[in-house]
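Asker: Quick one: this structure, given as structure tokens, is what I'll be asking you about.
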Amino acid sequence: MMEILRRFQEEKVMENRGIEELNMDSLEDHLPLDRIRIQMQTMPGFLAMQKLLVIYNLIVHPRPLSQIAMHTGLSESTVYRIASDYNRLGPEALNINRDKSIYVVS
């Protein structure tokens with residue numbers, strides 16, 4: 001039983017290490033910093049604010065995803081997903097529209 005628990009913990013550590021090692025240095029320049037600040041002040045909704053906070057943190061003070069996750073109150077995988085969606089879709093990824101999904105199923 002202890003062996004199974006130890007293996008599970010080792011797998012979790014390796015999984016988390018993989019996410020932390022992912023680097024978001026290549027964040028695309030879709031929006032200028034001033035525009036992001038304005039959107040943070042005017043866009044309604046908590047989810048939109050969290051997405052903007054992640055993008056803002058990645059632009060202003062790039063650091064490991066684990067630190068950004070800690071400062072924004074999100075998981076590392078969520079921070080990575082927000083950043084990758086922003087890279088892929090641009091400002092459209094920041095729109096919170098519950099009627100349609102941004103993910104394409106093929």
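Residue numbering restarts at 1 for every chain of the structure tokens, chains are lettered A, B, ... in their displayed order, and ligands are numbered from 1 as they appear.
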May I have the residues within 9 Å of Gly90 of chain A as an MDAnalysis selection string, using only C-alpha atoms and disregarding those fewer than 6 positions away in the same chain?
Answerer: chainID A and resid 28:31
Asker: Rank A:Val60, A:Ile82, A:Met70, A:Leu65 by their smallest atom-to-atom distance to Pro32 of chain A, using only C-alpha atoms, and report the top residue only.
Answerer: A:Val60
Asker: Ranking A:Val54, A:Ile36, A:Phe46, A:Ala93 by minimum distance to Ser77 of chain A and counting only C-alpha atoms, which one comes first?
Answerer: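 Going through A:Val54, A:Ile36, A:Phe46, A:Ala93 one by one, the smallest distance to Ser77 of chain A is for A:Val54.
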Asker: Could you list, as a list in words, every residue within 12 Å of Gly73 of chain A, counting only C-alpha atoms and ignoring same-chain residues fewer than 6 positions away?
Answerer: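 Near neighbours after the sequence-gap exclusion: Phe46, Leu47, Met49, Gln50, Lys51, Leu53, Val54, Leu65, Ser66, Gln67 and Val79 of chain A.
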Asker: For the atom pair atom CA of His61 of chain A and atom CA of Pro91 of chain A, what is the interatomic distance in Å to one decimal place?
Answerer: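 Between these atoms lies a distance of 19.6 Å.
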